[in-house]
>>> print(open('coords.txt').read())   # compact mmCIF, N, CA and C atoms
# COMPACT_ATOMS: atom_id res chain seq x y z
N MET X 1 14.72 -6.72 7.25
CA MET X 1 13.80 -7.81 6.99
C MET X 1 13.74 -8.08 5.49
N ASN X 2 13.37 -9.28 5.17
CA ASN X 2 13.26 -9.68 3.77
C ASN X 2 11.91 -9.29 3.22
N SER X 3 11.88 -9.07 1.90
CA SER X 3 10.58 -8.80 1.28
C SER X 3 9.76 -10.09 1.31
N ILE X 4 8.47 -9.93 1.16
CA ILE X 4 7.54 -11.05 1.29
C ILE X 4 7.00 -11.40 -0.10
N ASP X 5 6.79 -12.67 -0.37
CA ASP X 5 6.22 -13.11 -1.65
C ASP X 5 4.70 -12.96 -1.56
N LEU X 6 4.21 -11.86 -2.11
CA LEU X 6 2.78 -11.56 -1.98
C LEU X 6 1.90 -12.42 -2.89
N SER X 7 2.50 -13.16 -3.81
CA SER X 7 1.70 -14.01 -4.69
C SER X 7 1.04 -15.15 -3.91
N THR X 8 1.52 -15.43 -2.71
CA THR X 8 0.93 -16.49 -1.90
C THR X 8 -0.22 -15.98 -1.02
N TYR X 9 -0.51 -14.68 -1.10
CA TYR X 9 -1.57 -14.08 -0.30
C TYR X 9 -2.71 -13.62 -1.20
N LYS X 10 -3.87 -13.50 -0.63
CA LYS X 10 -5.05 -13.08 -1.39
C LYS X 10 -5.05 -11.57 -1.56
N LEU X 11 -5.26 -11.10 -2.78
CA LEU X 11 -5.40 -9.68 -3.08
C LEU X 11 -6.85 -9.41 -3.44
N ASP X 12 -7.50 -8.56 -2.66
CA ASP X 12 -8.87 -8.13 -2.96
C ASP X 12 -8.83 -6.71 -3.47
N GLU X 13 -9.72 -6.42 -4.42
CA GLU X 13 -9.89 -5.05 -4.90
C GLU X 13 -11.37 -4.73 -4.91
N ALA X 14 -11.73 -3.64 -4.26
CA ALA X 14 -13.13 -3.23 -4.23
C ALA X 14 -13.23 -1.74 -3.95
N ASP X 15 -13.93 -1.01 -4.80
CA ASP X 15 -14.24 0.40 -4.58
C ASP X 15 -13.05 1.23 -4.11
N GLY X 16 -11.94 1.18 -4.86
CA GLY X 16 -10.80 2.01 -4.53
C GLY X 16 -10.00 1.54 -3.35
N VAL X 17 -10.05 0.24 -3.06
CA VAL X 17 -9.26 -0.33 -1.97
C VAL X 17 -8.62 -1.63 -2.45
N PHE X 18 -7.30 -1.72 -2.28
CA PHE X 18 -6.58 -2.98 -2.47
C PHE X 18 -6.25 -3.51 -1.08
N THR X 19 -6.48 -4.81 -0.86
CA THR X 19 -6.20 -5.44 0.44
C THR X 19 -5.47 -6.75 0.23
N TYR X 20 -4.33 -6.91 0.91
CA TYR X 20 -3.65 -8.21 0.96
C TYR X 20 -4.01 -8.85 2.29
N LYS X 21 -4.39 -10.15 2.22
CA LYS X 21 -4.71 -10.86 3.45
C LYS X 21 -4.41 -12.34 3.31
N ASN X 22 -4.37 -13.01 4.44
CA ASN X 22 -4.27 -14.46 4.46
C ASN X 22 -5.48 -14.99 5.21
N GLU X 23 -5.45 -16.24 5.59
CA GLU X 23 -6.60 -16.84 6.26
C GLU X 23 -6.90 -16.17 7.60
N ASN X 24 -5.88 -15.65 8.26
CA ASN X 24 -6.03 -15.17 9.63
C ASN X 24 -6.09 -13.67 9.81
N THR X 25 -5.48 -12.91 8.91
CA THR X 25 -5.35 -11.48 9.16
C THR X 25 -5.17 -10.69 7.87
N THR X 26 -5.30 -9.38 8.00
CA THR X 26 -4.99 -8.48 6.91
C THR X 26 -3.52 -8.09 7.01
N LEU X 27 -2.79 -8.24 5.91
CA LEU X 27 -1.39 -7.84 5.89
C LEU X 27 -1.29 -6.33 5.71
N GLY X 28 -2.12 -5.80 4.81
CA GLY X 28 -2.11 -4.37 4.56
C GLY X 28 -3.18 -3.99 3.56
N PHE X 29 -3.50 -2.70 3.52
CA PHE X 29 -4.46 -2.21 2.53
C PHE X 29 -4.17 -0.75 2.21
N VAL X 30 -4.69 -0.33 1.07
CA VAL X 30 -4.57 1.05 0.64
C VAL X 30 -5.92 1.49 0.07
N ARG X 31 -6.34 2.69 0.45
CA ARG X 31 -7.56 3.29 -0.10
C ARG X 31 -7.12 4.47 -0.95
N PHE X 32 -7.67 4.56 -2.16
CA PHE X 32 -7.24 5.59 -3.11
C PHE X 32 -8.42 6.05 -3.95
N ASN X 33 -8.21 7.18 -4.64
CA ASN X 33 -9.25 7.65 -5.56
C ASN X 33 -8.73 7.59 -6.99
N GLU X 34 -9.59 7.93 -7.94
CA GLU X 34 -9.25 7.80 -9.36
C GLU X 34 -8.15 8.77 -9.81
N LYS X 35 -7.85 9.78 -8.99
CA LYS X 35 -6.77 10.72 -9.31
C LYS X 35 -5.42 10.19 -8.87
N GLY X 36 -5.40 9.02 -8.24
CA GLY X 36 -4.16 8.44 -7.75
C GLY X 36 -3.78 8.93 -6.36
N GLU X 37 -4.70 9.65 -5.71
CA GLU X 37 -4.43 10.14 -4.36
C GLU X 37 -4.67 9.02 -3.36
N VAL X 38 -3.67 8.75 -2.54
CA VAL X 38 -3.79 7.74 -1.50
C VAL X 38 -4.42 8.40 -0.28
N GLU X 39 -5.61 7.92 0.06
CA GLU X 39 -6.34 8.49 1.19
C GLU X 39 -5.91 7.85 2.50
N TYR X 40 -5.52 6.57 2.43
CA TYR X 40 -5.11 5.86 3.64
C TYR X 40 -4.32 4.63 3.22
N ILE X 41 -3.24 4.35 3.94
CA ILE X 41 -2.48 3.12 3.72
C ILE X 41 -2.11 2.56 5.09
N PHE X 42 -2.24 1.25 5.22
CA PHE X 42 -1.93 0.59 6.48
C PHE X 42 -1.26 -0.74 6.18
N VAL X 43 -0.21 -1.04 6.93
CA VAL X 43 0.42 -2.36 6.90
C VAL X 43 0.49 -2.85 8.34
N ASN X 44 0.01 -4.07 8.55
CA ASN X 44 0.04 -4.70 9.86
C ASN X 44 1.48 -4.64 10.38
N PRO X 45 1.68 -4.18 11.62
CA PRO X 45 3.04 -4.06 12.16
C PRO X 45 3.89 -5.33 12.05
N ILE X 46 3.27 -6.49 12.11
CA ILE X 46 4.00 -7.75 11.99
C ILE X 46 4.64 -7.90 10.61
N PHE X 47 4.04 -7.28 9.60
CA PHE X 47 4.47 -7.45 8.22
C PHE X 47 5.16 -6.21 7.64
N ARG X 48 5.49 -5.23 8.46
CA ARG X 48 6.13 -4.01 7.96
C ARG X 48 7.57 -4.27 7.55
N LYS X 49 8.07 -3.38 6.70
CA LYS X 49 9.45 -3.42 6.19
C LYS X 49 9.72 -4.66 5.35
N ARG X 50 8.68 -5.10 4.62
CA ARG X 50 8.80 -6.26 3.73
C ARG X 50 8.33 -5.95 2.32
N GLY X 51 8.11 -4.67 2.03
CA GLY X 51 7.74 -4.28 0.67
C GLY X 51 6.25 -4.25 0.38
N ILE X 52 5.42 -4.46 1.39
CA ILE X 52 3.97 -4.51 1.17
C ILE X 52 3.43 -3.14 0.78
N ALA X 53 3.82 -2.09 1.50
CA ALA X 53 3.33 -0.75 1.18
C ALA X 53 3.75 -0.35 -0.23
N THR X 54 4.99 -0.65 -0.58
CA THR X 54 5.47 -0.33 -1.93
C THR X 54 4.65 -1.06 -2.98
N LYS X 55 4.37 -2.34 -2.76
CA LYS X 55 3.57 -3.12 -3.71
C LYS X 55 2.15 -2.56 -3.81
N LEU X 56 1.56 -2.20 -2.69
CA LEU X 56 0.21 -1.62 -2.72
C LEU X 56 0.21 -0.32 -3.52
N LEU X 57 1.21 0.51 -3.33
CA LEU X 57 1.28 1.77 -4.07
C LEU X 57 1.54 1.54 -5.55
N GLN X 58 2.31 0.52 -5.88
CA GLN X 58 2.51 0.18 -7.29
C GLN X 58 1.20 -0.26 -7.93
N LEU X 59 0.38 -1.00 -7.19
CA LEU X 59 -0.93 -1.40 -7.70
C LEU X 59 -1.82 -0.19 -7.97
N VAL X 60 -1.77 0.79 -7.06
CA VAL X 60 -2.55 2.02 -7.26
C VAL X 60 -2.08 2.74 -8.52
N LYS X 61 -0.78 2.84 -8.68
CA LYS X 61 -0.22 3.52 -9.85
C LYS X 61 -0.62 2.80 -11.14
N GLN X 62 -0.56 1.47 -11.14
CA GLN X 62 -0.98 0.69 -12.31
C GLN X 62 -2.47 0.88 -12.60
N LYS X 63 -3.27 0.86 -11.56
CA LYS X 63 -4.73 0.96 -11.72
C LYS X 63 -5.15 2.34 -12.23
N THR X 64 -4.56 3.39 -11.68
CA THR X 64 -4.99 4.75 -12.01
C THR X 64 -4.20 5.35 -13.17
N GLY X 65 -2.98 4.86 -13.40
CA GLY X 65 -2.12 5.45 -14.42
C GLY X 65 -1.59 6.81 -14.02
N LYS X 66 -1.65 7.12 -12.73
CA LYS X 66 -1.22 8.43 -12.21
C LYS X 66 -0.06 8.27 -11.25
N GLU X 67 0.66 9.37 -11.05
CA GLU X 67 1.69 9.39 -10.03
C GLU X 67 1.01 9.36 -8.65
N ILE X 68 1.66 8.73 -7.70
CA ILE X 68 1.10 8.60 -6.35
C ILE X 68 1.21 9.93 -5.61
N ILE X 69 0.10 10.31 -4.99
CA ILE X 69 0.05 11.49 -4.12
C ILE X 69 -0.52 11.03 -2.79
N LEU X 70 0.19 11.29 -1.70
CA LEU X 70 -0.35 10.97 -0.38
C LEU X 70 -1.11 12.18 0.13
N GLN X 71 -2.37 11.99 0.49
CA GLN X 71 -3.18 13.09 1.01
C GLN X 71 -2.70 13.50 2.40
N GLU X 72 -2.83 14.76 2.70
CA GLU X 72 -2.51 15.30 4.03
C GLU X 72 -3.59 14.87 5.01
N PRO X 73 -3.34 14.75 6.29
CA PRO X 73 -2.04 14.87 6.94
C PRO X 73 -1.26 13.58 6.76
N ILE X 74 0.04 13.70 6.73
CA ILE X 74 0.92 12.55 6.57
C ILE X 74 1.58 12.27 7.92
N SER X 75 1.45 11.04 8.37
CA SER X 75 2.03 10.63 9.66
C SER X 75 3.54 10.52 9.54
N PRO X 76 4.25 10.39 10.66
CA PRO X 76 5.71 10.18 10.58
C PRO X 76 6.08 8.94 9.75
N LEU X 77 5.33 7.84 9.92
CA LEU X 77 5.61 6.66 9.10
C LEU X 77 5.29 6.94 7.64
N GLY X 78 4.25 7.72 7.39
CA GLY X 78 3.90 8.10 6.03
C GLY X 78 4.99 8.94 5.39
N SER X 79 5.62 9.79 6.17
CA SER X 79 6.73 10.60 5.65
C SER X 79 7.90 9.72 5.22
N LYS X 80 8.20 8.69 6.01
CA LYS X 80 9.25 7.76 5.63
C LYS X 80 8.89 7.04 4.33
N LEU X 81 7.64 6.64 4.22
CA LEU X 81 7.17 5.98 3.01
C LEU X 81 7.29 6.92 1.82
N LEU X 82 6.90 8.16 1.99
CA LEU X 82 6.98 9.14 0.92
C LEU X 82 8.42 9.32 0.45
N ASN X 83 9.35 9.37 1.38
CA ASN X 83 10.76 9.47 1.01
C ASN X 83 11.21 8.25 0.21
N SER X 84 10.74 7.08 0.57
CA SER X 84 11.13 5.88 -0.17
C SER X 84 10.50 5.84 -1.55
N LEU X 85 9.34 6.49 -1.71
CA LEU X 85 8.68 6.54 -3.02
C LEU X 85 9.55 7.27 -4.04
N ASN X 86 10.26 8.27 -3.60
CA ASN X 86 11.09 9.04 -4.50
C ASN X 86 12.15 8.16 -5.16
N LYS X 87 12.47 7.03 -4.56
CA LYS X 87 13.46 6.12 -5.12
C LYS X 87 12.96 5.41 -6.37
N TRP X 88 11.63 5.16 -6.45
CA TRP X 88 11.13 4.41 -7.61
C TRP X 88 10.24 5.23 -8.53
N LYS X 89 10.26 6.54 -8.40
CA LYS X 89 9.49 7.39 -9.33
C LYS X 89 10.16 7.44 -10.67
>>> encode(input="coords.txt", output="C-alpha cells")
Amino acid sequence: MNSIDLSTYKLDEADGVFTYKNENTTLGFVRFNEKGEVEYIFVNPIFRKRGIATKLLQLVKQKTGKEIILQEPISPLGSKLLNSLNKWK
C-alpha cells in the first residue's frame, strides 16, 4: 500500500496523545508519557500499512526528545512495528 498524505487530516494533541482523524473516523492515535514510552498505539485497520504508525511515533520522538520505547506487553502487530522502528533509529 502507498503511504498516506497526513497533512490533509486533522492532528490533535492533548495530554500525551496524538490523534489523526478526518470528518468520519479516527485514522490512528498514540498515547505516550514524557519519558518517550509508548503506552498504546492504534491504527484503524482500513488505514494500516500507510506509514501512520511511523508518523505518530516520529511525533512522539520530536515531542519528548527521547528514543521510542514500547511498553510491555507488546502484541504481535506491535512486534512488527518495533522491528520496523529499528530501520529509522
>>> residues_around(input="coords.txt", residues="X:Ile41", least_positions_apart="5", cutoff="5 Å", atoms="all atoms listed in the file", output="PyMOL selection string")
chain X and resi 29-31
>>> residues_around(input="coords.txt", residues="stretch 49-65 of chain X", least_positions_apart="2", cutoff="7 Å", atoms="all atoms listed in the file", output="JSON, numbers by chain")
{"X": [1, 2, 3, 4, 18, 28, 29, 30, 33, 34, 35, 36, 42, 43, 46, 47, 67, 68]}
>>> residues_around(input="coords.txt", residues="stretch 21-24 of chain X", least_positions_apart="3", cutoff="5 Å", atoms="all atoms listed in the file", output="MDAnalysis selection string")
chainID X and resid 9:10 27
>>> write_last_selection(input="coords.txt", atoms="N, CA and C atoms", output="CSV table (one decimal), keeping the file's coordinate frame")
chain,number,residue,atom,x,y,z
X,9,TYR,N,-0.5,-14.7,-1.1
X,9,TYR,CA,-1.6,-14.1,-0.3
X,9,TYR,C,-2.7,-13.6,-1.2
X,10,LYS,N,-3.9,-13.5,-0.6
X,10,LYS,CA,-5.0,-13.1,-1.4
X,10,LYS,C,-5.0,-11.6,-1.6
X,27,LEU,N,-2.8,-8.2,5.9
X,27,LEU,CA,-1.4,-7.8,5.9
X,27,LEU,C,-1.3,-6.3,5.7
>>> axis_aligned_box(input="coords.txt", around="stretch 53-64 of chain X", padding_each_side="4 Å", output="AutoDock Vina command-line options")
--center_x 0.2 --center_y 1.1 --center_z -5.8 --size_x 18.6 --size_y 16.5 --size_z 22.7
>>> select_by_dssp(input="coords.txt", residues="chain X", states="helix (DSSP H, G or I)", output="ChimeraX atom specification")
/X:6-8,45-47,52-64,76-85
>>> write_last_selection(input="coords.txt", atoms="N, CA and C atoms", output="mmCIF file, in the frame of the given file")
data_model
loop_
_atom_site.group_PDB
_atom_site.id
_atom_site.type_symbol
_atom_site.label_atom_id
_atom_site.label_comp_id
_atom_site.auth_asym_id
_atom_site.auth_seq_id
_atom_site.Cartn_x
_atom_site.Cartn_y
_atom_site.Cartn_z
ATOM 1 N N LEU X 6 4.210 -11.860 -2.110
ATOM 2 C CA LEU X 6 2.780 -11.560 -1.980
ATOM 3 C C LEU X 6 1.900 -12.420 -2.890
ATOM 4 N N SER X 7 2.500 -13.160 -3.810
ATOM 5 C CA SER X 7 1.700 -14.010 -4.690
ATOM 6 C C SER X 7 1.040 -15.150 -3.910
ATOM 7 N N THR X 8 1.520 -15.430 -2.710
ATOM 8 C CA THR X 8 0.930 -16.490 -1.900
ATOM 9 C C THR X 8 -0.220 -15.980 -1.020
ATOM 10 N N PRO X 45 1.680 -4.180 11.620
ATOM 11 C CA PRO X 45 3.040 -4.060 12.160
ATOM 12 C C PRO X 45 3.890 -5.330 12.050
ATOM 13 N N ILE X 46 3.270 -6.490 12.110
ATOM 14 C CA ILE X 46 4.000 -7.750 11.990
ATOM 15 C C ILE X 46 4.640 -7.900 10.610
ATOM 16 N N PHE X 47 4.040 -7.280 9.600
ATOM 17 C CA PHE X 47 4.470 -7.450 8.220
ATOM 18 C C PHE X 47 5.160 -6.210 7.640
ATOM 19 N N ILE X 52 5.420 -4.460 1.390
ATOM 20 C CA ILE X 52 3.970 -4.510 1.170
ATOM 21 C C ILE X 52 3.430 -3.140 0.780
ATOM 22 N N ALA X 53 3.820 -2.090 1.500
ATOM 23 C CA ALA X 53 3.330 -0.750 1.180
ATOM 24 C C ALA X 53 3.750 -0.350 -0.230
ATOM 25 N N THR X 54 4.990 -0.650 -0.580
ATOM 26 C CA THR X 54 5.470 -0.330 -1.930
ATOM 27 C C THR X 54 4.650 -1.060 -2.980
ATOM 28 N N LYS X 55 4.370 -2.340 -2.760
ATOM 29 C CA LYS X 55 3.570 -3.120 -3.710
ATOM 30 C C LYS X 55 2.150 -2.560 -3.810
ATOM 31 N N LEU X 56 1.560 -2.200 -2.690
ATOM 32 C CA LEU X 56 0.210 -1.620 -2.720
ATOM 33 C C LEU X 56 0.210 -0.320 -3.520
ATOM 34 N N LEU X 57 1.210 0.510 -3.330
ATOM 35 C CA LEU X 57 1.280 1.770 -4.070
ATOM 36 C C LEU X 57 1.540 1.540 -5.550
ATOM 37 N N GLN X 58 2.310 0.520 -5.880
ATOM 38 C CA GLN X 58 2.510 0.180 -7.290
ATOM 39 C C GLN X 58 1.200 -0.260 -7.930
ATOM 40 N N LEU X 59 0.380 -1.000 -7.190
ATOM 41 C CA LEU X 59 -0.930 -1.400 -7.700
ATOM 42 C C LEU X 59 -1.820 -0.190 -7.970
ATOM 43 N N VAL X 60 -1.770 0.790 -7.060
ATOM 44 C CA VAL X 60 -2.550 2.020 -7.260
ATOM 45 C C VAL X 60 -2.080 2.740 -8.520
ATOM 46 N N LYS X 61 -0.780 2.840 -8.680
ATOM 47 C CA LYS X 61 -0.220 3.520 -9.850
ATOM 48 C C LYS X 61 -0.620 2.800 -11.140
ATOM 49 N N GLN X 62 -0.560 1.470 -11.140
ATOM 50 C CA GLN X 62 -0.980 0.690 -12.310
ATOM 51 C C GLN X 62 -2.470 0.880 -12.600
ATOM 52 N N LYS X 63 -3.270 0.860 -11.560
ATOM 53 C CA LYS X 63 -4.730 0.960 -11.720
ATOM 54 C C LYS X 63 -5.150 2.340 -12.230
ATOM 55 N N THR X 64 -4.560 3.390 -11.680
ATOM 56 C CA THR X 64 -4.990 4.750 -12.010
ATOM 57 C C THR X 64 -4.200 5.350 -13.170
ATOM 58 N N PRO X 76 4.250 10.390 10.660
ATOM 59 C CA PRO X 76 5.710 10.180 10.580
ATOM 60 C C PRO X 76 6.080 8.940 9.750
ATOM 61 N N LEU X 77 5.330 7.840 9.920
ATOM 62 C CA LEU X 77 5.610 6.660 9.100
ATOM 63 C C LEU X 77 5.290 6.940 7.640
ATOM 64 N N GLY X 78 4.250 7.720 7.390
ATOM 65 C CA GLY X 78 3.900 8.100 6.030
ATOM 66 C C GLY X 78 4.990 8.940 5.390
ATOM 67 N N SER X 79 5.620 9.790 6.170
ATOM 68 C CA SER X 79 6.730 10.600 5.650
ATOM 69 C C SER X 79 7.900 9.720 5.220
ATOM 70 N N LYS X 80 8.200 8.690 6.010
ATOM 71 C CA LYS X 80 9.250 7.760 5.630
ATOM 72 C C LYS X 80 8.890 7.040 4.330
ATOM 73 N N LEU X 81 7.640 6.640 4.220
ATOM 74 C CA LEU X 81 7.170 5.980 3.010
ATOM 75 C C LEU X 81 7.290 6.920 1.820
ATOM 76 N N LEU X 82 6.900 8.160 1.990
ATOM 77 C CA LEU X 82 6.980 9.140 0.920
ATOM 78 C C LEU X 82 8.420 9.320 0.450
ATOM 79 N N ASN X 83 9.350 9.370 1.380
ATOM 80 C CA ASN X 83 10.760 9.470 1.010
ATOM 81 C C ASN X 83 11.210 8.250 0.210
ATOM 82 N N SER X 84 10.740 7.080 0.570
ATOM 83 C CA SER X 84 11.130 5.880 -0.170
ATOM 84 C C SER X 84 10.500 5.840 -1.550
ATOM 85 N N LEU X 85 9.340 6.490 -1.710
ATOM 86 C CA LEU X 85 8.680 6.540 -3.020
ATOM 87 C C LEU X 85 9.550 7.270 -4.040
#
>>> closest_residue(input="coords.txt", among="X:Thr26, X:Ser79, X:Gln71, X:Thr8", to="X:Tyr40", atoms="all atoms listed in the file")
X:Gln71
>>> select_by_dssp(input="coords.txt", residues="chain X", states="strand (DSSP E)", output="PyMOL selection string")
chain X and resi 10-14+17-21+26-32+37-43+69-70
>>> closest_residue(input="coords.txt", among="X:Phe32, X:Arg48, X:Gly78, X:Leu70", to="X:Val17", atoms="all atoms listed in the file")
X:Phe32
>>> atom_distance(input="coords.txt", atom1="atom CA of X:Pro76", atom2="atom C of X:Val38")
15.0 Å
>>> residues_around(input="coords.txt", residues="X:Glu72", least_positions_apart="3", cutoff="8 Å", atoms="all atoms listed in the file", output="list in words")
Val38, Glu39, Ile69 and Ser75 of chain X
>>> atom_distance(input="coords.txt", atom1="atom C of X:Asp15", atom2="atom N of X:Asn44")
18.9 Å
>>> atom_distance(input="coords.txt", atom1="atom C of X:Asn83", atom2="atom C of X:Pro45")
19.4 Å
>>> build_atoms(input="coords.txt", residues="stretch 44-54 of chain X", atoms="all heavy atoms", output="mmCIF file, in the frame of the given file")
data_model
loop_
_atom_site.group_PDB
_atom_site.id
_atom_site.type_symbol
_atom_site.label_atom_id
_atom_site.label_comp_id
_atom_site.auth_asym_id
_atom_site.auth_seq_id
_atom_site.Cartn_x
_atom_site.Cartn_y
_atom_site.Cartn_z
ATOM 1 N N ASN X 44 0.010 -4.070 8.550
ATOM 2 C CA ASN X 44 0.040 -4.700 9.860
ATOM 3 C C ASN X 44 1.480 -4.640 10.380
ATOM 4 O O ASN X 44 2.407 -4.997 9.664
ATOM 5 C CB ASN X 44 -0.431 -6.150 9.700
ATOM 6 C CG ASN X 44 -0.539 -6.897 10.994
ATOM 7 O OD1 ASN X 44 0.277 -6.747 11.890
ATOM 8 N ND2 ASN X 44 -1.558 -7.736 11.083
ATOM 9 N N PRO X 45 1.680 -4.180 11.620
ATOM 10 C CA PRO X 45 3.040 -4.060 12.160
ATOM 11 C C PRO X 45 3.890 -5.330 12.050
ATOM 12 O O PRO X 45 5.095 -5.256 11.854
ATOM 13 C CB PRO X 45 2.809 -3.687 13.627
ATOM 14 C CG PRO X 45 1.494 -2.998 13.631
ATOM 15 C CD PRO X 45 0.667 -3.704 12.578
ATOM 16 N N ILE X 46 3.270 -6.490 12.110
ATOM 17 C CA ILE X 46 4.000 -7.750 11.990
ATOM 18 C C ILE X 46 4.640 -7.900 10.610
ATOM 19 O O ILE X 46 5.672 -8.541 10.456
ATOM 20 C CB ILE X 46 3.060 -8.950 12.274
ATOM 21 C CG1 ILE X 46 2.560 -8.902 13.710
ATOM 22 C CG2 ILE X 46 3.731 -10.282 11.978
ATOM 23 C CD1 ILE X 46 1.427 -9.860 13.995
ATOM 24 N N PHE X 47 4.040 -7.280 9.600
ATOM 25 C CA PHE X 47 4.470 -7.450 8.220
ATOM 26 C C PHE X 47 5.160 -6.210 7.640
ATOM 27 O O PHE X 47 5.422 -6.157 6.437
ATOM 28 C CB PHE X 47 3.272 -7.828 7.338
ATOM 29 C CG PHE X 47 2.653 -9.134 7.721
ATOM 30 C CD1 PHE X 47 1.516 -9.168 8.504
ATOM 31 C CD2 PHE X 47 3.218 -10.332 7.315
ATOM 32 C CE1 PHE X 47 0.933 -10.379 8.869
ATOM 33 C CE2 PHE X 47 2.655 -11.541 7.672
ATOM 34 C CZ PHE X 47 1.511 -11.567 8.450
ATOM 35 N N ARG X 48 5.490 -5.230 8.460
ATOM 36 C CA ARG X 48 6.130 -4.010 7.960
ATOM 37 C C ARG X 48 7.570 -4.270 7.550
ATOM 38 O O ARG X 48 8.195 -5.225 7.988
ATOM 39 C CB ARG X 48 6.070 -2.916 9.018
ATOM 40 C CG ARG X 48 4.659 -2.395 9.180
ATOM 41 C CD ARG X 48 4.565 -1.235 10.126
ATOM 42 N NE ARG X 48 3.152 -0.850 10.242
ATOM 43 C CZ ARG X 48 2.659 -0.171 11.241
ATOM 44 N NH1 ARG X 48 3.444 0.256 12.211
ATOM 45 N NH2 ARG X 48 1.379 0.140 11.267
ATOM 46 N N LYS X 49 8.070 -3.380 6.700
ATOM 47 C CA LYS X 49 9.450 -3.420 6.190
ATOM 48 C C LYS X 49 9.720 -4.660 5.350
ATOM 49 O O LYS X 49 10.821 -5.206 5.323
ATOM 50 C CB LYS X 49 10.468 -3.314 7.320
ATOM 51 C CG LYS X 49 10.369 -1.983 8.051
ATOM 52 C CD LYS X 49 11.538 -1.809 8.972
ATOM 53 C CE LYS X 49 11.431 -0.483 9.686
ATOM 54 N NZ LYS X 49 12.031 0.605 8.979
ATOM 55 N N ARG X 50 8.680 -5.100 4.620
ATOM 56 C CA ARG X 50 8.800 -6.260 3.730
ATOM 57 C C ARG X 50 8.330 -5.950 2.320
ATOM 58 O O ARG X 50 8.113 -6.852 1.523
ATOM 59 C CB ARG X 50 8.024 -7.439 4.290
ATOM 60 C CG ARG X 50 8.578 -7.927 5.606
ATOM 61 C CD ARG X 50 7.882 -9.152 6.031
ATOM 62 N NE ARG X 50 8.482 -9.685 7.244
ATOM 63 C CZ ARG X 50 8.100 -10.815 7.778
ATOM 64 N NH1 ARG X 50 7.143 -11.530 7.239
ATOM 65 N NH2 ARG X 50 8.680 -11.243 8.868
ATOM 66 N N GLY X 51 8.110 -4.670 2.030
ATOM 67 C CA GLY X 51 7.740 -4.280 0.670
ATOM 68 C C GLY X 51 6.250 -4.250 0.380
ATOM 69 O O GLY X 51 5.836 -4.021 -0.755
ATOM 70 N N ILE X 52 5.420 -4.460 1.390
ATOM 71 C CA ILE X 52 3.970 -4.510 1.170
ATOM 72 C C ILE X 52 3.430 -3.140 0.780
ATOM 73 O O ILE X 52 2.651 -3.017 -0.162
ATOM 74 C CB ILE X 52 3.239 -5.089 2.394
ATOM 75 C CG1 ILE X 52 3.661 -6.553 2.589
ATOM 76 C CG2 ILE X 52 1.724 -4.957 2.247
ATOM 77 C CD1 ILE X 52 3.167 -7.186 3.864
ATOM 78 N N ALA X 53 3.820 -2.090 1.500
ATOM 79 C CA ALA X 53 3.330 -0.750 1.180
ATOM 80 C C ALA X 53 3.750 -0.350 -0.230
ATOM 81 O O ALA X 53 2.953 0.192 -0.998
ATOM 82 C CB ALA X 53 3.842 0.273 2.193
ATOM 83 N N THR X 54 4.990 -0.650 -0.580
ATOM 84 C CA THR X 54 5.470 -0.330 -1.930
ATOM 85 C C THR X 54 4.650 -1.060 -2.980
ATOM 86 O O THR X 54 4.238 -0.470 -3.985
ATOM 87 C CB THR X 54 6.959 -0.705 -2.070
ATOM 88 O OG1 THR X 54 7.705 0.054 -1.115
ATOM 89 C CG2 THR X 54 7.479 -0.416 -3.459
#
